[in-house]
Structure formats: structure tokens, C-alpha cells
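K.L.:
Let me give you the structure first, and then I'll get to my questions.
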Amino acid sequence: MLLLNVACEKAIEYEVLSGQLIGYVTLFDNNQNNLSDNSGVEIIVEGSNHQIKASTDEDGQFIVDNLKSGIYNFVFNKEGYCQHKIISYQFVGGNKPGTIYQTGLYSLSDIQIDSLEITDLERQYNVAFMVTAVSHQQVNSFSYYRYYLSNEPEISYKNYISTDVAYSFSGTENISFYLEIDTLKFPVGSELYLIMYPTSEAYQFYTDINSGKKIYTSINIYKPSEVANITIPEVEAPWWLK
Amino acid sequence: MKFFKILIISNILILLLGCDKSEENIFLKGNIIGFVYLVDETGYEVENKSGVNISIEGLTSSAITNEDGRFELSDVPAGTYNIIFNKSGYGTYKRFSFQFIGGNVPAFLYETTLYEKPTIEVQSLDISFTDNVINIIGEITETNQFTFQTFFNDSSNVSNVNYDYATGKYSYSGWAYTQFSQSIYLNQTPYSIGDEVYMVIYFINPYEEFGYYDYEYQTRVYTSYKKASSVINLNLQ
């Protein structure tokens, strides 16, 4: 009877494929240079019945052995670096390893945004503002910021309507940029809220499967600016629509 | 002895339960989550994205989007699927051969966009064949922009997925159109003088660029295809 039981358990293992998963992580410093030592990144694998963790070696490689066929999320953590996530990775298993290619993990930007201002611009046919962010610290390289727009005061990198990046060149203490507003998303008379985060890179994101929002992962979530707001003013219609 | 009997029975029970479990494990199950976006006739994204029906060919499970366009298909067994997105007034998008493994966290279907079918109508149509050219002149309800495409077949069941010859997409953009025309040269078509052919015209949302490739009919399909005319019988004399 015991032998039969063992046979049955073996059958279970046979039916669900398993295999090896290999991934690579590259660490980047504040100047977007990749580091030679990519070790110490903790990877948490979500979606398994038991807890799976892995960590990177100097080359940035991590290995998960005996991973069963299934769908997994991977969360990448390292102290001082932005957290990144890969969602809904479908792993088949088999004789050759599955791979997760080059995931970048960026050092948290150390820029502090001391104030954020949004001012009305003299405009003709469109709604446009000037945004100015001041940082009382010498910024010594090309630096990125990511800003988010919403019509609610509870604005954050998770809760927003639209987002984009702004950048400044080396040595500038403050950054100003022209912000044109889509009045279909932000109608005349409504309140516009703006928040800004220093970011190390412009593109890396995962999608929040509950809200559908893109969560950009290279921003420093611990250093948001204050929330600035302004009322969307009335705009003269262009002559060709009068 | 009694002890042994109990042991044997319990072992059989374990064996049975264990084997049942193994059968369940043969096919992993899981959830599929995704978002659908809607674009109206004038090219704007629709705010309320609810009411899109999502179904899987060959399975009974289906889902409907909420206002954010989000849907969730539950307990889908591992397999390769054709996923169908449909909303009345917006047409149908088919996503072919989606490979799904199943597991404890959901699979994510990246965005799918449905385009509103044009609301314009054809009011009259004049089709003639002279000097080896098929000339189409039509009157339509007023519009600032529209796109159409014409399909030909030698059988009367001609449609956007069943044709011998299709013209390219013709787009007009400007101000207050009430007419459209198209000239089709016979030497561009597979037909020759004396053939009896059938044609049908479809409107397409001008903002729909890609549609999807239908592997079943082996042709590109735009979700917003809307029949603009009935099937027209043409004698190439």
C-alpha cells in the first residue's frame, strides 16, 4: 500500500512540468552607469504554494531550480535601489531553462524637490501652464523627473490620469517646463493636481492589474514633491472654430 | 487485525484522494486579467469602457468589462485559446492563439482596443462599368472624415473576410462630405470582361490602423467594419 502511494505521488510530479529559471539583473548608479558588481538583489517569486526567494551573484544572475509550471510575479529588491516588478510571467518548465533577460534596477535618485509651482501661461487657443520645480542642491548630471496629473488631490504614482517625464541638464538647480493640457481629460473649470518624483530612468514599468495603470518603477517613491494645483482656465476658441 | 484493516482502508482512501488530486493537477487552472480600451468615431478614447464581452472559443467562461475596461476570466484551464472581445456598436476583436499555462497569480493580457463602427450611412449608390473601369459614386450622410473599402467575389456571399479581390482602404478627411467615389481598373482585379462578379462596400473607423489578422479567414480584419451597401451584382459587359 505504501509503495502504491509513492507511485501515485510520483505520477503527480510527472504530470506537472518543472524546470529551471535563469534571470539577469543589472544595477545602475545615479548616472545611469551599470555597475560591475550586480550582487545582492533579492528576488521574491509570487505565485508558488511555498515561498521562493533567489538572489543575484556578481554577474547579476539568479537561478530558481525546480520551478513548477505556472504563472509567477517577480519582485526585485535591493536596499538603496528602486523596487521593480515583472508580472504574469508564464513559465512552462522543461529540460532547458526559462529566462528573464536583463532587468535593470536603478539606484534611488537622491534629488530632493523642495518646491513645485504651477503657473498660468499667456496662451491663445490651448490650455498650457509653466511648471517649475526647485531643488536647493547642486544636481551634477542630466537628471530626470516624472510628473503625474490628476483631478483628485489624492494623487500619487499609483493614482493618476496621465504622466510624463521632464529633464534638466547638468548644473541647473531648478527645472521649468511647458505643460499642455488635454481639456477632454481635464475640462475647463476643474482643478488640476500635479505631483513630481525624481526618477533615475524614464521607461521601466509594470502594469497594476487592478487599476490598469502603469507603475513606473525607477522613480524615488520616498521623495515626492508637494502637490501643486491650479484651476483649468477658460480658453479662447481658435478663429477657425468661431 | 482490526488495526491492519483500518490501515488498509485509510491507505486506499489516501490513494484514491491522492490520485484524484493528480488528475486535477494535470491541467493547471488560473485567471486571465486584462483591459479593453474604446475609441469612438472621432478618434477620442471613451471614458466608460464597460459592457465589452470577453469570451474564449470552445469554453463557456466569459467576462464583461467594468467602467475602467477591466475584465477577469476565472478558472481557465491551461491551453491555447482564441479570445474574443465584442461590444455592440464596436465590433469584434479576436486574439488568436493565446497560450495560457495557468497558475496561482493571474496572466495579464495587454491592452486591446475596439473602435466604434462609423454611424454614417449610404443614401444612394451608382455603379457603372465603362472602358474597363468600375466606377462607384455614392451619396452619404454628412461627415468630416470617413474610410471605406470595397470587396469583390465571383460568388454572392462576398464579405470582408470572403473575397477574391479587395481595394485598399480609401480615406477622406476634410469638411462636410456628402459624396464619395472610387474607380477600379479591371486589370487590377482578377476578373476579365464577361465575368459576373459581386461586390460589397464597408466603412471603417478612420482611426483604426491595424485591426487584427484573422488566421481562420487568413485576412486582416478591422474591428469597426460596417457594411455600407448590400451585395451588388455586376456584369462586366
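We label chains A, B, ... in the order they appear in the C-alpha cells, count residues from 1 in each chain, and number ligands from 1 in the order shown.
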Fewer than 6 positions away in the same chain doesn't count, so skip those; otherwise give me all residues within 12 Å of Asp154 (chain B), counting only C-alpha atoms, as a count of residues only.
P.N.:
21
K.L.:
What's around region 210-216 of chain A at 9 Å? Count only C-alpha atoms, leave out sequence neighbours fewer than 5 positions away in its own chain, and write the answer as a compact mmCIF listing (two decimals) with N, CA and C atoms, in the first residue's frame.
P.N.:
# COMPACT_ATOMS: atom_id res chain seq x y z
N HIS A 84 11.55 46.87 -8.46
CA HIS A 84 10.95 46.61 -9.76
C HIS A 84 10.16 45.30 -9.69
N ARG A 146 9.71 62.57 -13.07
CA ARG A 146 8.44 62.10 -13.65
C ARG A 146 7.31 62.82 -12.94
N TYR A 157 1.93 58.14 -7.56
CA TYR A 157 2.39 57.37 -8.72
C TYR A 157 1.48 56.19 -9.02
N LYS A 158 0.56 55.88 -8.09
CA LYS A 158 -0.39 54.79 -8.31
C LYS A 158 -1.74 55.31 -8.78
N ASN A 159 -2.03 56.55 -8.41
CA ASN A 159 -3.36 57.11 -8.65
C ASN A 159 -3.23 58.41 -9.44
N TYR A 160 -3.38 58.29 -10.76
CA TYR A 160 -3.20 59.46 -11.61
C TYR A 160 -3.96 59.26 -12.91
N ILE A 161 -4.05 60.33 -13.71
CA ILE A 161 -4.71 60.21 -15.01
C ILE A 161 -3.68 60.14 -16.13
N ALA A 202 13.54 56.63 -17.42
CA ALA A 202 12.23 57.10 -17.86
C ALA A 202 11.22 56.01 -18.23
N TYR A 203 11.66 54.80 -18.48
CA TYR A 203 10.76 53.87 -19.18
C TYR A 203 10.26 52.66 -18.40
N GLN A 204 11.01 52.20 -17.43
CA GLN A 204 10.68 50.89 -16.84
C GLN A 204 9.38 50.94 -16.03
N PHE A 205 8.47 50.02 -16.33
CA PHE A 205 7.21 49.98 -15.59
C PHE A 205 6.64 48.57 -15.58
N ILE B 33 -6.49 38.32 -16.60
CA ILE B 33 -6.95 39.69 -16.38
C ILE B 33 -6.46 40.56 -17.52
N GLY B 34 -7.30 41.51 -17.93
CA GLY B 34 -6.86 42.42 -18.98
C GLY B 34 -7.68 43.69 -19.00
N PHE B 35 -7.32 44.59 -19.89
CA PHE B 35 -8.03 45.87 -20.03
C PHE B 35 -8.38 46.10 -21.49
N ASP B 68 -13.66 50.86 -16.04
CA ASP B 68 -12.23 51.07 -16.35
C ASP B 68 -11.77 50.20 -17.52
N GLY B 69 -12.65 49.34 -18.02
CA GLY B 69 -12.28 48.44 -19.11
C GLY B 69 -11.65 47.15 -18.62
N ARG B 70 -11.68 46.94 -17.29
CA ARG B 70 -11.02 45.76 -16.73
C ARG B 70 -11.94 44.54 -16.76
K.L.:
Would you return as a VMD selection string the members of chain A that DSSP assigns to alpha helix (DSSP H) on this structure's backbone?
P.N.:
chain A and resid 2 to 15
K.L.:
Enumerate, as a ChimeraX atom specification, the complete set of residues in region 148-189 of chain B that a backbone-based DSSP assignment places in strand (DSSP E or B).
P.N.:
/B:148-153,159,162,165-166,170-185
K.L.:
How many Å separate CA of Tyr202 (chain B) from CA of Phe96 (chain B)?
P.N.:
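Taking CA of Tyr202 (chain B) and CA of Phe96 (chain B), their separation equals 23.5 Å.
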K.L.:
So, counting only C-alpha atoms, which residue among A:Ile87, A:Val235, A:Ile118, A:Val127 is closest to chain B?
P.N.:
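With only C-alpha atoms as the atom set, the closest residue is A:Ile87.
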K.L.:
Taking 2 positions as the minimum chain separation for residues in the same chain, which residues sit within 7 Å of Ala176 (chain B) when counting only C-alpha atoms? Answer as number ranges by chain.
P.N.:
B: 142-144, 174, 178
K.L.:
Write the residues of the selection above to a file with C-alpha atoms, as a PDB file, in the first residue's frame.
P.N.:
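The result, written out as again_8.pdb:
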ATOM      1  CA  GLU B 142     -22.678  64.306 -43.939  1.00  0.00           C
ATOM      2  CA  THR B 143     -19.323  63.611 -42.309  1.00  0.00           C
ATOM      3  CA  ASN B 144     -15.917  65.292 -41.926  1.00  0.00           C
ATOM      4  CA  GLY B 174     -11.792  67.388 -44.568  1.00  0.00           C
ATOM      5  CA  THR B 178     -21.801  64.057 -48.701  1.00  0.00           C
TER       6      THR B 178
END
K.L.:
Using only C-alpha atoms, tabulate the residues of region 101-210 of chain B lying at most 10 Å from any atom of region 83-94 of chain B, each with its closest atom pair and that distance in Å to one decimal, by chain and increasing residue number, as JSON lines.
P.N.:
{"residue": "B:Thr112", "atom": "CA", "partner": "B:Tyr93", "partner_atom": "CA", "distance": 8.0}
{"residue": "B:Thr113", "atom": "CA", "partner": "B:Tyr93", "partner_atom": "CA", "distance": 8.1}
{"residue": "B:Leu114", "atom": "CA", "partner": "B:Tyr90", "partner_atom": "CA", "distance": 6.0}
{"residue": "B:Tyr115", "atom": "CA", "partner": "B:Tyr90", "partner_atom": "CA", "distance": 5.5}
{"residue": "B:Glu116", "atom": "CA", "partner": "B:Tyr90", "partner_atom": "CA", "distance": 4.2}
{"residue": "B:Lys117", "atom": "CA", "partner": "B:Tyr90", "partner_atom": "CA", "distance": 5.3}
{"residue": "B:Pro118", "atom": "CA", "partner": "B:Gly89", "partner_atom": "CA", "distance": 8.6}
{"residue": "B:Thr119", "atom": "CA", "partner": "B:Gly89", "partner_atom": "CA", "distance": 9.0}
{"residue": "B:Asn205", "atom": "CA", "partner": "B:Tyr90", "partner_atom": "CA", "distance": 9.6}
K.L.:
List the neighbours of Pro77 (chain B) out to 7 Å using only C-alpha atoms; skip same-chain residues closer than 6 positions along the sequence, and give me the result as a ChimeraX atom specification.
P.N.:
/B:27-30,102
